[in-house]
Amino acid sequence: MSDNSILAQDTHFFGDVCKNFDYAAKFTKHDAGLLDQIRSCNSVYRFRFPIRRGNGFEVIDAWRVEHSHHQSPTKGGIRYSEFVNEDEVMALAALMTYKCAIVNVPFGGAKGGIRINPKNYSVQELENITRRYTVELIKKNFIGPSIDVPAPDYGTGEREMSWIADTYATMNPGQLDAMGSVTGKPIALHGIQGRREATGRGVAIAIRECVGVAEDMQKLGLPTGIAGKRIIVQGLGNVGFYTAKFLQEYGGIIVGICEFEGAIYNADGLDVEAVFQHRKAIGSILGYAGAKQEFKNSGEGLEQPCDILVPAALENQITAENAGRIQAKIIAEGANGPTTPEAEAIFYAKGGIIIPDMYANAGGVTVSYFEWLKNLSHVAFGRINRRFEENNNLNLVNMIEGITGISLTPTQRATIVKGSSELELVNSGLEDTMIRSYHEIRETYKLEKIDTLRTAAFVGAINKIAVSYQNLGVWP
Ligand code: NAD
């Protein structure tokens, strides 16, 4: 299908992001023109290209939006979905700008989208579409390690990022930094340890930080800590699966999982890995033996008893229509834009709290930043200093043993002496970023007496971006 009607604006996601922005801007003191520059999408590239299909052609609709150039390069995922439209890509690009500012990652925001349901195409066709999309971006200077750096999003993963990297490198022979043109690549193709699970790990850390604040939990009538908290996760894809897995590791009880085909629930807990394997085997979470309840209508799954709800599928999942029936006290937005502004107002009026998307799911872009740095420096983190670190640790252990007269066991020695691996460095950098950013947002929330964490996150982001624009000036 390629008629013009599919380009019509049938959502108001960008409008919702702007609404949140405008509200937050009232807590800042910036010039109206500067705020307008921050809020606007700088470049919106809409294009179409053909692919061969069967005996003929099919025209594919695609977008790349660069929301803000206050930092370079711009950065943001590429989404493959039959529902992608311009409004959505603009909204997601804008969220990327604020997200990067919140976690102090020096990128402007961008996003891409291809309007296809990947399940309807063969692997060869998906490769053709991905490579042609990349070439279209190259032609317009919309991709490059110092220009605009895509990453995975809904419907894409390491495989697509490999095709993009290879196409970019092929079209730019001899460019030393070509692998920095895209992140989320497989480890064997200049990716970084920990990127695959980074967004989910970040969401889990965000929740851990939130439930660790006694004052806030008291208001919600919940004890502190993740252990024992009942959690429902929507979406068992990259973000949802890893979020659920890490929360389970922290002692949380995953009582519900909602997918496209329906939802399952068990107050005693579901085994996330087993549910994932079940879905992999039969193509559905329904029929999983460990579930006590099943819902054919996936939306019902969101409304079941729990303490924390993690929407990690798509936008507009919690709306004015169902917000009143959500029983969770905390919504942690793994997905981008899952809660509409109207739903947020209803949820806060009920006494709940929302950990906003642009902070909660920023773990992905944080580790993408590490991957980009690795690609530009052409060396894996930890490679140069690991042995040096081990020797230093060994000297320290020997000295302490000498002074105290206490000998460590070989296992204790090995644990202390061991230098840091790339994965450990990445995970500690991610954890540090998520912890610092949460408390920065919460401090703004408390100090400025702001009503929601989302508004507080926006205020912080707007202030940082405003400083960048003021420092840059306007040329000519
Ligand atoms: P994904 O394609 O890996 O997984 C999405 C999952 O959601 C799929 O399993 C899909 O079947 C399910 N789903 C779709 N519609 C649903 C519905 N109505 N109800 C229940 N489940 C449904 O995608 P992802 O990468 O995990 O992205 C999910 C969300 O997280 C998106 O909003 C994306 O923008 C956001 N996000 C992703 C990343 C990342 O690193 N992948 C980073 C930041 C934000």
# chains A, B, ... in the order shown; residues from 1 in each chain; ligands from 1
call {"tool": "residues_around", "arguments": {"residues": "range 140-151 of chain A", "least_positions_apart": "5", "cutoff": "6 Å", "atoms": "only C-alpha atoms", "output": "MDAnalysis selection string"}}
result
chainID A and resid 73:77 180:184
call {"tool": "residues_near_ligand", "arguments": {"ligand": "ligand 1", "cutoff": "8 Å", "atoms": "only C-alpha atoms and all ligand atoms", "output": "tab-separated table (two decimals) with N, CA, C and O atoms, in the first residue's frame"}}
result
chain	number	residue	atom	x	y	z
A	77	GLY	N	16.95	5.50	17.68
A	77	GLY	CA	16.67	4.20	17.09
A	77	GLY	C	15.91	4.27	15.78
A	77	GLY	O	15.46	5.34	15.35
A	79	ARG	N	12.68	2.28	13.96
A	79	ARG	CA	11.53	1.43	14.27
A	79	ARG	C	10.95	0.84	13.00
A	79	ARG	O	10.76	1.56	12.01
A	92	LEU	N	9.24	10.68	18.94
A	92	LEU	CA	10.30	9.83	19.47
A	92	LEU	C	11.66	10.53	19.35
A	92	LEU	O	12.52	10.39	20.23
A	151	ALA	N	20.20	3.37	15.94
A	151	ALA	CA	20.31	2.28	16.92
A	151	ALA	C	19.04	1.43	16.80
A	151	ALA	O	18.14	1.79	16.05
A	152	PRO	N	18.95	0.32	17.53
A	152	PRO	CA	17.72	-0.48	17.45
A	152	PRO	C	16.55	0.18	18.17
A	152	PRO	O	16.75	0.97	19.08
A	153	ASP	N	15.38	-0.15	17.75
A	153	ASP	CA	14.15	0.24	18.44
A	153	ASP	C	13.13	-0.87	18.18
A	153	ASP	O	13.51	-1.97	17.75
A	154	TYR	N	11.88	-0.57	18.37
A	154	TYR	CA	10.80	-1.54	18.18
A	154	TYR	C	10.93	-2.20	16.80
A	154	TYR	O	10.99	-1.51	15.78
A	155	GLY	N	11.01	-3.52	16.78
A	155	GLY	CA	11.05	-4.25	15.50
A	155	GLY	C	12.41	-4.37	14.85
A	155	GLY	O	12.54	-4.95	13.77
A	156	THR	N	13.45	-3.82	15.48
A	156	THR	CA	14.81	-3.95	14.92
A	156	THR	C	15.77	-4.42	16.01
A	156	THR	O	15.47	-4.28	17.20
A	157	GLY	N	16.90	-4.94	15.59
A	157	GLY	CA	17.88	-5.43	16.57
A	157	GLY	C	19.27	-5.48	15.95
A	157	GLY	O	19.56	-4.78	14.97
A	184	GLY	N	24.37	-0.63	18.71
A	184	GLY	CA	23.49	-1.79	18.88
A	184	GLY	C	23.92	-2.91	17.96
A	184	GLY	O	23.12	-3.81	17.64
A	195	ARG	N	25.11	-4.13	25.63
A	195	ARG	CA	24.16	-3.23	24.96
A	195	ARG	C	22.78	-3.88	24.80
A	195	ARG	O	21.77	-3.21	24.98
A	196	ARG	N	22.78	-5.19	24.51
A	196	ARG	CA	21.50	-5.87	24.24
A	196	ARG	C	20.55	-5.70	25.43
A	196	ARG	O	19.37	-5.41	25.26
A	197	GLU	N	21.08	-5.89	26.63
A	197	GLU	CA	20.21	-5.85	27.81
A	197	GLU	C	20.20	-4.49	28.51
A	197	GLU	O	19.55	-4.33	29.54
A	198	ALA	N	20.91	-3.50	27.90
A	198	ALA	CA	21.12	-2.22	28.61
A	198	ALA	C	19.83	-1.48	28.96
A	198	ALA	O	19.69	-0.96	30.07
A	199	THR	N	18.87	-1.43	28.03
A	199	THR	CA	17.67	-0.64	28.31
A	199	THR	C	16.90	-1.28	29.46
A	199	THR	O	16.48	-0.59	30.40
A	200	GLY	N	16.73	-2.61	29.40
A	200	GLY	CA	16.01	-3.31	30.47
A	200	GLY	C	16.74	-3.19	31.80
A	200	GLY	O	16.13	-2.98	32.85
A	234	GLN	N	4.39	-5.26	30.41
A	234	GLN	CA	3.74	-5.34	29.09
A	234	GLN	C	4.82	-5.35	28.00
A	234	GLN	O	5.63	-4.42	27.93
A	235	GLY	N	4.83	-6.39	27.16
A	235	GLY	CA	5.82	-6.49	26.10
A	235	GLY	C	6.96	-7.39	26.54
A	235	GLY	O	7.64	-7.08	27.53
A	236	LEU	N	7.16	-8.51	25.87
A	236	LEU	CA	8.24	-9.42	26.22
A	236	LEU	C	9.30	-9.36	25.12
A	236	LEU	O	9.86	-10.37	24.69
A	237	GLY	N	9.55	-8.14	24.61
A	237	GLY	CA	10.59	-7.93	23.62
A	237	GLY	C	11.89	-7.58	24.32
A	237	GLY	O	12.10	-7.95	25.48
A	238	ASN	N	12.74	-6.84	23.64
A	238	ASN	CA	14.05	-6.51	24.21
A	238	ASN	C	13.92	-5.82	25.56
A	238	ASN	O	14.47	-6.27	26.56
A	239	VAL	N	13.17	-4.74	25.62
A	239	VAL	CA	13.10	-3.95	26.86
A	239	VAL	C	12.34	-4.71	27.95
A	239	VAL	O	12.80	-4.83	29.08
A	240	GLY	N	11.15	-5.22	27.61
A	240	GLY	CA	10.31	-5.88	28.60
A	240	GLY	C	10.96	-7.13	29.18
A	240	GLY	O	10.95	-7.34	30.40
A	241	PHE	N	11.54	-7.95	28.31
A	241	PHE	CA	12.13	-9.20	28.78
A	241	PHE	C	13.26	-8.94	29.77
A	241	PHE	O	13.29	-9.50	30.87
A	258	CYS	N	2.03	-9.21	29.72
A	258	CYS	CA	1.05	-8.92	28.67
A	258	CYS	C	1.79	-8.88	27.34
A	258	CYS	O	2.82	-8.21	27.22
A	259	GLU	N	1.28	-9.59	26.38
A	259	GLU	CA	1.85	-9.54	25.03
A	259	GLU	C	0.74	-9.23	24.04
A	259	GLU	O	-0.42	-9.06	24.40
A	260	PHE	N	1.11	-9.12	22.80
A	260	PHE	CA	0.21	-8.83	21.70
A	260	PHE	C	-1.02	-9.75	21.71
A	260	PHE	O	-2.14	-9.31	21.55
A	261	GLU	N	-0.75	-11.06	21.97
A	261	GLU	CA	-1.81	-12.06	21.81
A	261	GLU	C	-2.66	-12.25	23.07
A	261	GLU	O	-3.65	-12.97	23.05
A	262	GLY	N	-2.29	-11.63	24.18
A	262	GLY	CA	-3.05	-11.82	25.42
A	262	GLY	C	-2.16	-11.59	26.63
A	262	GLY	O	-1.03	-11.12	26.49
A	263	ALA	N	-2.70	-11.91	27.83
A	263	ALA	CA	-1.92	-11.69	29.05
A	263	ALA	C	-2.05	-12.89	29.97
A	263	ALA	O	-3.04	-13.62	29.92
A	298	SER	N	-5.42	-8.47	25.88
A	298	SER	CA	-4.15	-8.17	26.54
A	298	SER	C	-4.26	-6.99	27.51
A	298	SER	O	-3.64	-6.97	28.58
A	299	GLY	N	-5.09	-6.00	27.15
A	299	GLY	CA	-5.25	-4.80	27.97
A	299	GLY	C	-5.73	-5.11	29.39
A	299	GLY	O	-5.37	-4.41	30.34
A	312	ALA	N	6.23	-1.81	28.38
A	312	ALA	CA	7.48	-1.86	27.61
A	312	ALA	C	7.18	-2.35	26.18
A	312	ALA	O	7.92	-3.16	25.63
A	313	ALA	N	6.07	-1.87	25.61
A	313	ALA	CA	5.72	-2.29	24.25
A	313	ALA	C	5.69	-1.08	23.32
A	313	ALA	O	6.62	-0.87	22.54
A	314	LEU	N	4.63	-0.27	23.44
A	314	LEU	CA	4.47	0.85	22.52
A	314	LEU	C	3.83	2.04	23.24
A	314	LEU	O	3.43	1.93	24.40
A	315	GLU	N	3.65	3.14	22.51
A	315	GLU	CA	3.02	4.32	23.09
A	315	GLU	C	1.50	4.16	23.23
A	315	GLU	O	0.92	3.22	22.69
A	317	GLN	N	-0.61	3.31	25.65
A	317	GLN	CA	-1.17	2.09	26.23
A	317	GLN	C	-2.00	2.40	27.47
A	317	GLN	O	-2.97	1.73	27.77
A	334	GLY	N	8.98	1.73	30.42
A	334	GLY	CA	10.04	1.12	29.62
A	334	GLY	C	9.90	1.56	28.17
A	334	GLY	O	10.89	1.86	27.49
A	335	ALA	N	8.67	1.62	27.69
A	335	ALA	CA	8.40	2.08	26.31
A	335	ALA	C	8.46	3.60	26.27
A	335	ALA	O	8.45	4.26	27.30
A	336	ASN	N	8.50	4.13	25.07
A	336	ASN	CA	8.41	5.58	24.89
A	336	ASN	C	6.95	5.97	24.76
A	336	ASN	O	6.22	5.40	23.94
A	337	GLY	N	6.52	6.91	25.57
A	337	GLY	CA	5.17	7.48	25.46
A	337	GLY	C	4.03	6.53	25.76
A	337	GLY	O	2.96	6.67	25.16
A	338	PRO	N	4.16	5.58	26.71
A	338	PRO	CA	3.05	4.66	26.94
A	338	PRO	C	1.87	5.30	27.68
A	338	PRO	O	0.76	4.79	27.63
A	357	ASP	N	9.46	7.83	30.84
A	357	ASP	CA	10.20	7.17	29.77
A	357	ASP	C	11.56	7.77	29.49
A	357	ASP	O	12.55	7.07	29.36
A	361	ASN	N	13.99	4.64	30.33
A	361	ASN	CA	14.56	3.76	29.29
A	361	ASN	C	15.84	4.33	28.66
A	361	ASN	O	16.22	3.93	27.56
A	362	ALA	N	16.51	5.23	29.39
A	362	ALA	CA	17.72	5.86	28.85
A	362	ALA	C	18.96	4.97	28.93
A	362	ALA	O	20.03	5.35	28.46
A	363	GLY	N	18.83	3.77	29.50
A	363	GLY	CA	19.98	2.88	29.59
A	363	GLY	C	20.49	2.48	28.21
A	363	GLY	O	21.70	2.29	28.02
A	364	GLY	N	19.58	2.36	27.25
A	364	GLY	CA	19.97	1.96	25.90
A	364	GLY	C	20.87	3.00	25.26
A	364	GLY	O	21.96	2.67	24.74
A	365	VAL	N	20.48	4.25	25.32
A	365	VAL	CA	21.30	5.27	24.67
A	365	VAL	C	22.59	5.50	25.46
A	365	VAL	O	23.64	5.83	24.87
call {"tool": "residues_around", "arguments": {"residues": "Glu344 in chain A", "least_positions_apart": "3", "cutoff": "9 Å", "atoms": "only C-alpha atoms", "output": "list in words"}}
result
Ile318, Thr319, Ala320, Ala323, Thr339, Thr340, Pro341, Phe347, Tyr348, Ala349, Ile353 and Ile354 of chain A
call {"tool": "write_last_selection", "arguments": {"atoms": "N, CA and C atoms", "output": "mmCIF file, in the first residue's frame"}}
result
data_model
loop_
_atom_site.group_PDB
_atom_site.id
_atom_site.type_symbol
_atom_site.label_atom_id
_atom_site.label_comp_id
_atom_site.auth_asym_id
_atom_site.auth_seq_id
_atom_site.Cartn_x
_atom_site.Cartn_y
_atom_site.Cartn_z
ATOM 1 N N ILE A 318 -1.617 3.462 28.203
ATOM 2 C CA ILE A 318 -2.384 3.863 29.387
ATOM 3 C C ILE A 318 -2.998 5.217 29.053
ATOM 4 N N THR A 319 -4.296 5.186 28.895
ATOM 5 C CA THR A 319 -5.013 6.367 28.402
ATOM 6 C C THR A 319 -6.073 6.772 29.435
ATOM 7 N N ALA A 320 -6.808 7.832 29.116
ATOM 8 C CA ALA A 320 -7.889 8.273 30.022
ATOM 9 C C ALA A 320 -8.892 7.142 30.207
ATOM 10 N N ALA A 323 -6.818 4.333 32.649
ATOM 11 C CA ALA A 323 -5.937 4.766 33.766
ATOM 12 C C ALA A 323 -6.603 4.541 35.129
ATOM 13 N N THR A 339 2.118 6.436 28.365
ATOM 14 C CA THR A 339 1.054 7.064 29.163
ATOM 15 C C THR A 339 0.686 8.409 28.543
ATOM 16 N N THR A 340 -0.580 8.613 28.231
ATOM 17 C CA THR A 340 -0.977 9.914 27.664
ATOM 18 C C THR A 340 -1.022 10.944 28.802
ATOM 19 N N PRO A 341 -0.949 12.245 28.469
ATOM 20 C CA PRO A 341 -1.004 13.273 29.530
ATOM 21 C C PRO A 341 -2.282 13.168 30.364
ATOM 22 N N PHE A 347 -3.753 9.182 36.990
ATOM 23 C CA PHE A 347 -2.938 8.285 37.815
ATOM 24 C C PHE A 347 -2.351 9.022 39.030
ATOM 25 N N TYR A 348 -1.868 10.245 38.805
ATOM 26 C CA TYR A 348 -1.326 11.025 39.928
ATOM 27 C C TYR A 348 -2.437 11.395 40.904
ATOM 28 N N ALA A 349 -3.644 11.700 40.373
ATOM 29 C CA ALA A 349 -4.772 12.052 41.248
ATOM 30 C C ALA A 349 -5.129 10.874 42.156
ATOM 31 N N ILE A 353 2.676 7.242 41.166
ATOM 32 C CA ILE A 353 3.882 7.957 40.708
ATOM 33 C C ILE A 353 4.352 7.300 39.408
ATOM 34 N N ILE A 354 4.832 8.130 38.464
ATOM 35 C CA ILE A 354 5.302 7.594 37.177
ATOM 36 C C ILE A 354 6.789 7.898 37.000
#
call {"tool": "select_by_dssp", "arguments": {"residues": "range 148-380 of chain A", "states": "helix (DSSP H, G or I)", "output": "MDAnalysis selection string"}}
result
chainID A and resid 158:171 178:181 187:189 198:211 214:220 238:249 272:282 298:302 323:325 341:349 357:360 363:377
call {"tool": "atom_distance", "arguments": {"atom1": "CA of His69 in chain A", "atom2": "CA of Ser40 in chain A"}}
result
10.9 Å
call {"tool": "residues_around", "arguments": {"residues": "range 24-39 of chain A", "least_positions_apart": "6", "cutoff": "12 Å", "atoms": "only C-alpha atoms", "output": "count of residues only"}}
result
50
call {"tool": "select_by_dssp", "arguments": {"residues": "range 243-404 of chain A", "states": "strand (DSSP E)", "output": "list in words"}}
result
Ile253, Ile254, Val255, Gly256, Ile257, Cys258, Glu259, Gly262, Ala263, Ile264, Tyr265, Gln293, Glu294, Phe295, Ile308, Leu309, Val310, Pro311, Ile330, Ile331, Ala332, Ile353, Ile354 and Ile355 of chain A
call {"tool": "write_last_selection", "arguments": {"atoms": "C-alpha atoms", "output": "PDB file, in the first residue's frame"}}
result
ATOM      1  CA  ILE A 253       7.743 -11.026  41.749  1.00  0.00           C
ATOM      2  CA  ILE A 254       6.642 -10.883  38.111  1.00  0.00           C
ATOM      3  CA  VAL A 255       2.939 -11.552  38.589  1.00  0.00           C
ATOM      4  CA  GLY A 256       1.770 -10.610  35.094  1.00  0.00           C
ATOM      5  CA  ILE A 257       3.041 -10.509  31.502  1.00  0.00           C
ATOM      6  CA  CYS A 258       1.048  -8.924  28.669  1.00  0.00           C
ATOM      7  CA  GLU A 259       1.848  -9.541  25.031  1.00  0.00           C
ATOM      8  CA  GLY A 262      -3.049 -11.816  25.421  1.00  0.00           C
ATOM      9  CA  ALA A 263      -1.923 -11.685  29.051  1.00  0.00           C
ATOM     10  CA  ILE A 264      -1.066 -14.170  31.802  1.00  0.00           C
ATOM     11  CA  TYR A 265      -1.155 -13.747  35.571  1.00  0.00           C
ATOM     12  CA  GLN A 293      -5.193 -16.713  34.826  1.00  0.00           C
ATOM     13  CA  GLU A 294      -5.220 -15.908  31.119  1.00  0.00           C
ATOM     14  CA  PHE A 295      -6.725 -12.911  29.344  1.00  0.00           C
ATOM     15  CA  ILE A 308       4.519  -1.745  39.742  1.00  0.00           C
ATOM     16  CA  LEU A 309       3.412  -1.705  36.107  1.00  0.00           C
ATOM     17  CA  VAL A 310       6.095  -1.621  33.398  1.00  0.00           C
ATOM     18  CA  PRO A 311       4.665  -0.803  29.966  1.00  0.00           C
ATOM     19  CA  ILE A 330       4.104   2.932  40.299  1.00  0.00           C
ATOM     20  CA  ILE A 331       4.256   3.026  36.504  1.00  0.00           C
ATOM     21  CA  ALA A 332       7.796   2.653  35.149  1.00  0.00           C
ATOM     22  CA  ILE A 353       3.882   7.957  40.708  1.00  0.00           C
ATOM     23  CA  ILE A 354       5.302   7.594  37.177  1.00  0.00           C
ATOM     24  CA  ILE A 355       8.974   7.054  36.391  1.00  0.00           C
TER      25      ILE A 355
END
call {"tool": "atom_distance", "arguments": {"atom1": "CA of Asp22 in chain A", "atom2": "CA of Val211 in chain A"}}
result
28.6 Å
call {"tool": "residues_around", "arguments": {"residues": "range 392-395 of chain A", "least_positions_apart": "6", "cutoff": "8 Å", "atoms": "only C-alpha atoms", "output": "list in words"}}
result
Ile416, Val417 and Lys418 of chain A
call {"tool": "write_last_selection", "arguments": {"atoms": "N, CA and C atoms", "output": "mmCIF file, in the first residue's frame"}}
result
data_model
loop_
_atom_site.group_PDB
_atom_site.id
_atom_site.type_symbol
_atom_site.label_atom_id
_atom_site.label_comp_id
_atom_site.auth_asym_id
_atom_site.auth_seq_id
_atom_site.Cartn_x
_atom_site.Cartn_y
_atom_site.Cartn_z
ATOM 1 N N ILE A 416 39.442 -10.413 44.305
ATOM 2 C CA ILE A 416 39.915 -9.049 44.578
ATOM 3 C C ILE A 416 40.904 -8.580 43.507
ATOM 4 N N VAL A 417 41.745 -9.505 43.082
ATOM 5 C CA VAL A 417 42.830 -9.118 42.164
ATOM 6 C C VAL A 417 42.324 -8.868 40.741
ATOM 7 N N LYS A 418 41.294 -9.598 40.355
ATOM 8 C CA LYS A 418 40.821 -9.588 38.955
ATOM 9 C C LYS A 418 40.555 -8.163 38.425
#
call {"tool": "closest_residue", "arguments": {"among": "A:Leu376, A:Ile384, A:Ile116, A:Leu430", "to": "Gln175 in chain A", "atoms": "only C-alpha atoms"}}
result
A:Leu376
call {"tool": "closest_residue", "arguments": {"among": "A:Ile232, A:Val135, A:Ile114, A:Val59", "to": "Ser81 in chain A", "atoms": "only C-alpha atoms"}}
result
A:Ile114
call {"tool": "residues_around", "arguments": {"residues": "Phe49 in chain A", "least_positions_apart": "4", "cutoff": "8 Å", "atoms": "only C-alpha atoms", "output": "list in words"}}
result
Val59, Ile60, Asp61, Arg132 and Tyr133 of chain A
